[in-house]
Structures are given as structure tokens and as C-alpha cells.
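Report on the structure given below.
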Amino acid sequence: MQQKLKVIGGQESYFAGKLEAYLRAKGIPYHNVPFTMEELQVAATHTGFFQIPQVECPDGSWLIDTTLIIDYLDRLHPAPKTSPTDPAANFIALLLEDYADEWLWRPAMHYRWSFDNGAELLSSWLAEHSPETDVSLADKKAGWIERQKGVFVDGDGVTVETRAAVESSYHHARTSLEAIFEKRDFILGDRPTQADFGFMGPMFRHFFCDPDPARMMRDTAPGVQEWVARMWNMKPQRFSSAAQIESIPDDLSDLLEPVGSVYLPYLLANQRAVLVEQEQLSYKALGVNWSEPTKPYRLWCLDRLRKSYQALDGAARAQVADALGTPCAENILLEPPTGHCDHLLGTLPYAVTDDERAARDSWGRQA
Ligand SMILES: N[C@@H](CCC(=O)N[C@@H](CS)C(=O)NCC(=O)O)C(=O)O
């Protein structure tokens, strides 16, 4: 019997939820162990990141970063296939995964921590699950609210001016996915792909579970709610004989619109700020002005997308460009990768014997 992966995660985590959806769909045995600060410190010495999830393999090696982990495990467990066979559609799956991972993170944190019901529920949960005993429950709750709202909402560009735009990204994802799930079970076709696992990050543990966004999902997007449940209940035998994804569906323009017109231009603005070592980044998107911390990790993401795009042949690139519909998106993907953040993440798995790594936060900044 295959030994289980140890996923240091928790029942509330965006990225652990994404990874679990993948592991369940592939039938890869794992157990989700709620994180403790001590355990995360130890994990960070192996992986270089202070974040969840972190995976310890039965042989003592380590895996980090859900995008890399899925890519790595997919090579070990190719069947049933969870990436499109068509290279252009495969790139679109990776691009949607990245958009859901990164651009929807802020609305997910906003809907959890700016709303009293969510903040109360999640701070209680986190306080009850942090084992430090010398701090009272009330202080732990207050500490969690202050940290999460301070770093990931107020500290990540959610202001009176941007709040409606932040909320519009959830509204957009919900309505455009709802239209897709009226026609098929998964984003790109009849089987789940990286795009579905990516959207499970925000959609499952935050928008489906947190009180305020969950009500919106129930009221306006029952098809998305059903897809979350379908994804959580996915098993290899449920899609192993489904048709492969052999082309980009022709109805993705609405879902892809902000990916090309908002997210890629934002990644380029972030690149410029990383390259000149600016700590804070300002840009305009969705009609408002944003100011947020510069994120080296997202330059790593942009470079990775560029490498995948530039590895496509001309015909596949033309199909992707056509699906994105804006020449500016294609131009950003055609720029040579900067290589500036390649050092942040290596090749998985990280061997047991690796030297201790300096820990970074989830945005790739020195922790
Ligand atoms: N790129 C990482 C992101 C992981 C991540 O950001 N996880 C969140 C929790 S869901 C986290 O640990 N954030 C850092 C923090 O809270 O300090 C991945 O795909 O695994």
C-alpha cells in the first residue's frame, strides 16, 4: 500500500484546500495535519518558506508550493490525466490556476477578515487550534484578526477606494463560472484540470465555507456551489474514462477577460517594482488606484508562465492569444523571462539532506 503524504495544512487553508482537491481527485493518500507554529518553523528550514501547505513525503523529502507540487505529483501519477492533452488548452489551464491562486487571494482574505461573521468564526477556529497555552483564547483571537486583516487586507491594498473592485473579482468569478457549469462539469471540459484545482483555492475554503461569501454563492451561483462539492468528492474512477481536453473551449472569453486585461498587466507592474527593489507597488486596475507590497514570488509566477507560453509552437500561441483577446496580454507573455526570482524555488522534491534554507514569507520576501 502507498504510504501517506503528510500535508501540514489545516481545515481553513486556501492552498491546502486546493492541494487536497488534487490529491483526492488523483487518489493519492495523504493526511492533513493542522499546522503549529513550531512545525512550520521546522518545515521552513527544509523548504525555505514559512507558509502552508508544506508536504513531508514518506521518505523524508519535502514538497512546497501547490503549483509545483501538482506538477511534480502529476509526473509520478500520470493517470487519470488532470491536464489538457492539447498544449494551448494546457497553457490556459495553468494561466487560470495562477490567476485563481494569486488575484483571487485578496478578495478571499477580504471576505473572510473584513466581515464580522467571518472574522469571528475564523479567529475562534484558529485560536482554538493554536496550541500555545500561555496566551488566553481572547488574546489569540484578537491576535489572529489583527495579523490576517493587517497583512492580507488593509496591508494588501484593500481601501475605501478599492473595496468595490476587490469584491467585483469574486462577483466576476462566480458569475462567469456559473455560466460555464450550466454547460459542463469542469472549467475546460469533462474532467478536472489545473484550472479547477486553482479555483478550488478561493472557492472552497473561503467563498464556499465563510459565512458572507457562502451566502452569495448559494443565492447567485448554485452551479458553482455544486462544482465545489463535486470537486471535493472527486475520485479517479469518476473521471478516468471522461473525454480528454483537446482544445480551448470557445466560451471562455468572460472568465479570461480580467486575466488578460488586469492580472497580467499587474504582474508586469509587480515585475518592474521587484527589479528596482521597491517595497511598495502602485498601479491602476479595474478603474481604481492600488498600492500594495511588491511580491517577488509573483515575478517567479510570471516568468514560469512566460517559459510555458514561449515553449508552445506558433499555432498554439496563436490559439492562446486569440482566447486572451488582448494583444497586451500576449506581449507580456512574449517578454523574455527575467530569471530574477528563479532562486526562490528549486526542483521538487527537496532532498532530506539539503542544507538549511533561509525562510521567506509566502510572497517570497525575506521573513
Ligand atoms: N504559492 C503557495 C502559497 C501558499 C500560501 O500563501 N499559503 C497561505 C495560507 S493558505 C499562507 O501560508 N500564507 C502565509 C501567512 O499566512 O503568513 C502555494 O501555492 O502553496
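In the C-alpha cells, chains take the letters A, B, ... in the order shown, each chain's residues start at 1, and ligands count up from 1 in the order shown.
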
Q.
I'd like the contact shell of region 29-37 of chain A - 7 Å cut-off, only C-alpha atoms, skipping same-chain residues fewer than 3 positions apart - returned as a VMD selection string.
A. chain A and resid 3 to 10 40 to 41 130

Within 6 Å of ligand 1, which residues of chain A come that close, and what is the closest atom pair and distance in Å for each? Count only C-alpha atoms and all ligand atoms and give it as a Markdown table.
```
| residue | atom | partner | partner_atom_place_in_ligand_line | distance |
| --- | --- | --- | --- | --- |
| A:Ser13 | CA | ligand 1 | 10 (S) | 4.2 |
| A:Tyr14 | CA | ligand 1 | 10 (S) | 4.1 |
| A:Phe15 | CA | ligand 1 | 10 (S) | 4.4 |
| A:Gln51 | CA | ligand 1 | 12 (O) | 3.2 |
| A:Ile52 | CA | ligand 1 | 12 (O) | 4.0 |
| A:Pro53 | CA | ligand 1 | 20 (O) | 5.7 |
| A:Asp65 | CA | ligand 1 | 20 (O) | 3.5 |
| A:Thr66 | CA | ligand 1 | 19 (O) | 3.8 |
| A:Thr67 | CA | ligand 1 | 19 (O) | 5.4 |
| A:Ser362 | CA | ligand 1 | 6 (O) | 4.8 |
```

**Message:** Taking only C-alpha atoms into account, name the residue in A:Ala243, A:Ala108, A:Leu345, A:Ala93 that is nearest to Phe197 (chain A).
**Reply:**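 Smallest separation from Phe197 (chain A) among the options: A:Ala93.
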
Taking only C-alpha atoms into account, name the residue in A:Lys235, A:Tyr111, A:Gly118, A:Cys57 that is nearest to Gly27 (chain A).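 Looking at the shortest contact to Gly27 (chain A), the residue is A:Lys235.
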
From A:Leu255, A:Ile64, A:Met109, A:Val274, residue lying nearest Asp154 (chain A) [only C-alpha atoms]: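 Ranking A:Leu255, A:Ile64, A:Met109, A:Val274 by distance to Asp154 (chain A), first place goes to A:Met109.
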
Students should find that CA of Pro249 (chain A) and CA of Ile28 (chain A) are spaced 28.6 Å

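Closest approach to Glu330 (chain A) among A:Ile248, A:Leu177, A:Met203, A:Leu264: A:Leu264, based on only C-alpha atoms.
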
**Message:** Show me, as an NGL selection string, the residues that have an atom within 9 Å of Tyr72 (chain A) when counting only C-alpha atoms, minus same-chain residues fewer than 5 positions from it.
**Reply:** :A and (63 or 67 or 77 or 347-349)

* How many Å separate CA of Val276 (chain A) from CA of Arg360 (chain A)? ->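 A separation of 19.1 Å between them.
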
Selection near Ile187 (chain A), 12 Å with only C-alpha atoms, sequence-local residues under 4 positions removed, as a PyMOL selection string: chain A and resi 82-84+89+92-93+96-97+173+176-183+191-200+223-224+227-228+231+245+248-252+255-256

May I have the selected residues written with N, CA, C and O atoms, as a compact mmCIF listing (two decimals), in the first residue's frame?
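Output file part08.txt follows:
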```txt
# COMPACT_ATOMS: atom_id res chain seq x y z
N THR A 82 -5.02 14.89 -15.46
CA THR A 82 -5.70 16.10 -15.00
C THR A 82 -5.09 17.34 -15.65
O THR A 82 -5.15 18.43 -15.08
N SER A 83 -4.48 17.15 -16.82
CA SER A 83 -4.06 18.33 -17.58
C SER A 83 -4.51 18.11 -19.01
O SER A 83 -4.56 16.96 -19.48
N PRO A 84 -4.88 19.18 -19.72
CA PRO A 84 -5.35 19.00 -21.10
C PRO A 84 -4.27 18.38 -21.99
O PRO A 84 -3.08 18.66 -21.82
N ALA A 89 -4.56 24.50 -24.65
CA ALA A 89 -5.52 24.40 -23.54
C ALA A 89 -4.78 24.17 -22.22
O ALA A 89 -5.19 24.67 -21.16
N ILE A 92 -3.68 27.49 -20.98
CA ILE A 92 -4.83 28.23 -20.42
C ILE A 92 -5.16 27.69 -19.02
O ILE A 92 -5.46 28.46 -18.10
N ALA A 93 -5.05 26.38 -18.83
CA ALA A 93 -5.31 25.79 -17.50
C ALA A 93 -4.32 26.34 -16.48
O ALA A 93 -4.69 26.71 -15.36
N LEU A 96 -5.11 30.07 -15.75
CA LEU A 96 -6.28 30.22 -14.86
C LEU A 96 -5.93 29.80 -13.44
O LEU A 96 -6.38 30.40 -12.46
N GLU A 97 -5.11 28.75 -13.31
CA GLU A 97 -4.66 28.32 -11.97
C GLU A 97 -3.93 29.47 -11.29
O GLU A 97 -4.19 29.81 -10.13
N ALA A 173 -15.87 36.07 -10.90
CA ALA A 173 -15.51 34.65 -10.95
C ALA A 173 -16.76 33.78 -10.78
O ALA A 173 -16.96 32.79 -11.48
N SER A 176 -19.10 34.15 -13.95
CA SER A 176 -18.63 33.56 -15.20
C SER A 176 -18.47 32.04 -15.07
O SER A 176 -18.74 31.31 -16.02
N LEU A 177 -18.11 31.54 -13.87
CA LEU A 177 -18.08 30.09 -13.69
C LEU A 177 -19.49 29.49 -13.73
O LEU A 177 -19.71 28.41 -14.27
N GLU A 178 -20.43 30.23 -13.15
CA GLU A 178 -21.82 29.72 -13.15
C GLU A 178 -22.29 29.46 -14.57
O GLU A 178 -22.90 28.42 -14.86
N ALA A 179 -21.96 30.39 -15.48
CA ALA A 179 -22.38 30.21 -16.89
C ALA A 179 -21.70 28.97 -17.49
O ALA A 179 -22.32 28.22 -18.25
N ILE A 180 -20.45 28.74 -17.12
CA ILE A 180 -19.74 27.56 -17.66
C ILE A 180 -20.37 26.27 -17.11
O ILE A 180 -20.60 25.31 -17.85
N PHE A 181 -20.65 26.24 -15.80
CA PHE A 181 -21.16 24.99 -15.20
C PHE A 181 -22.62 24.71 -15.59
O PHE A 181 -23.14 23.64 -15.28
N GLU A 182 -23.26 25.66 -16.26
CA GLU A 182 -24.56 25.31 -16.84
C GLU A 182 -24.38 24.36 -18.01
O GLU A 182 -25.28 23.64 -18.40
N LYS A 183 -23.17 24.39 -18.60
CA LYS A 183 -22.95 23.57 -19.80
C LYS A 183 -22.12 22.32 -19.57
O LYS A 183 -22.20 21.36 -20.33
N ARG A 191 -13.39 16.79 -17.48
CA ARG A 191 -12.53 16.31 -16.41
C ARG A 191 -11.85 17.50 -15.74
O ARG A 191 -11.66 18.54 -16.36
N PRO A 192 -11.49 17.35 -14.46
CA PRO A 192 -10.85 18.48 -13.78
C PRO A 192 -9.42 18.70 -14.28
O PRO A 192 -8.74 17.74 -14.64
N THR A 193 -9.00 19.95 -14.29
CA THR A 193 -7.62 20.30 -14.69
C THR A 193 -7.05 21.27 -13.65
O THR A 193 -7.73 21.65 -12.70
N GLN A 194 -5.82 21.71 -13.93
CA GLN A 194 -5.16 22.68 -13.06
C GLN A 194 -6.07 23.90 -12.82
O GLN A 194 -6.01 24.52 -11.75
N ALA A 195 -6.89 24.26 -13.82
CA ALA A 195 -7.78 25.42 -13.65
C ALA A 195 -8.78 25.15 -12.53
O ALA A 195 -9.04 26.03 -11.68
N ASP A 196 -9.35 23.95 -12.50
CA ASP A 196 -10.32 23.63 -11.44
C ASP A 196 -9.64 23.59 -10.07
O ASP A 196 -10.17 24.10 -9.09
N PHE A 197 -8.43 22.97 -10.01
CA PHE A 197 -7.75 22.92 -8.71
C PHE A 197 -7.42 24.34 -8.25
O PHE A 197 -7.58 24.67 -7.08
N GLY A 198 -6.97 25.17 -9.18
CA GLY A 198 -6.65 26.56 -8.83
C GLY A 198 -7.87 27.29 -8.27
O GLY A 198 -7.80 27.91 -7.20
N PHE A 199 -9.00 27.19 -8.95
CA PHE A 199 -10.20 27.89 -8.46
C PHE A 199 -10.72 27.29 -7.17
O PHE A 199 -11.43 27.96 -6.41
N MET A 200 -10.38 26.02 -6.89
CA MET A 200 -10.80 25.47 -5.60
C MET A 200 -10.13 26.22 -4.44
O MET A 200 -10.68 26.24 -3.34
N GLY A 223 -24.67 26.61 -9.16
CA GLY A 223 -23.87 25.71 -10.00
C GLY A 223 -22.42 25.69 -9.55
O GLY A 223 -21.73 24.66 -9.63
N VAL A 224 -21.94 26.83 -9.04
CA VAL A 224 -20.56 26.89 -8.52
C VAL A 224 -20.51 26.12 -7.20
O VAL A 224 -19.57 25.36 -6.93
N TRP A 227 -20.34 22.57 -8.04
CA TRP A 227 -19.00 22.22 -8.55
C TRP A 227 -18.00 22.05 -7.40
O TRP A 227 -17.18 21.13 -7.41
N VAL A 228 -18.08 22.93 -6.37
CA VAL A 228 -17.17 22.79 -5.23
C VAL A 228 -17.38 21.41 -4.59
O VAL A 228 -16.42 20.68 -4.33
N MET A 231 -16.03 18.71 -6.86
CA MET A 231 -14.56 18.66 -6.81
C MET A 231 -14.09 17.98 -5.53
O MET A 231 -13.14 17.20 -5.52
N ILE A 245 -9.14 16.69 -22.82
CA ILE A 245 -9.39 18.08 -23.25
C ILE A 245 -8.44 18.39 -24.40
O ILE A 245 -7.24 18.51 -24.22
N ILE A 248 -9.13 24.49 -26.60
CA ILE A 248 -9.61 25.51 -25.66
C ILE A 248 -11.10 25.69 -25.94
O ILE A 248 -11.48 25.95 -27.09
N PRO A 249 -11.97 25.54 -24.93
CA PRO A 249 -13.40 25.77 -25.19
C PRO A 249 -13.61 27.18 -25.75
O PRO A 249 -12.85 28.10 -25.42
N ASP A 250 -14.65 27.35 -26.59
CA ASP A 250 -14.81 28.66 -27.24
C ASP A 250 -15.65 29.63 -26.41
O ASP A 250 -16.03 30.69 -26.89
N ASP A 251 -15.95 29.27 -25.15
CA ASP A 251 -16.81 30.15 -24.35
C ASP A 251 -16.09 30.67 -23.09
O ASP A 251 -16.70 30.92 -22.07
N LEU A 252 -14.76 30.83 -23.20
CA LEU A 252 -14.01 31.24 -22.00
C LEU A 252 -13.73 32.73 -21.95
O LEU A 252 -13.04 33.20 -21.04
N LEU A 255 -14.49 34.54 -18.60
CA LEU A 255 -13.62 34.14 -17.48
C LEU A 255 -12.20 34.68 -17.67
O LEU A 255 -11.55 35.11 -16.72
N LEU A 256 -11.75 34.69 -18.94
CA LEU A 256 -10.36 35.10 -19.20
C LEU A 256 -10.17 36.61 -19.27
O LEU A 256 -9.04 37.09 -19.23
```

If we count only C-alpha atoms and set the cut-off at 8 Å, which residues sit around region 282-288 of chain A, ignoring sequence neighbours fewer than 5 positions away in its own chain? Please answer as a PyMOL selection string.
chain A and resi 161-162+165+262+266+269
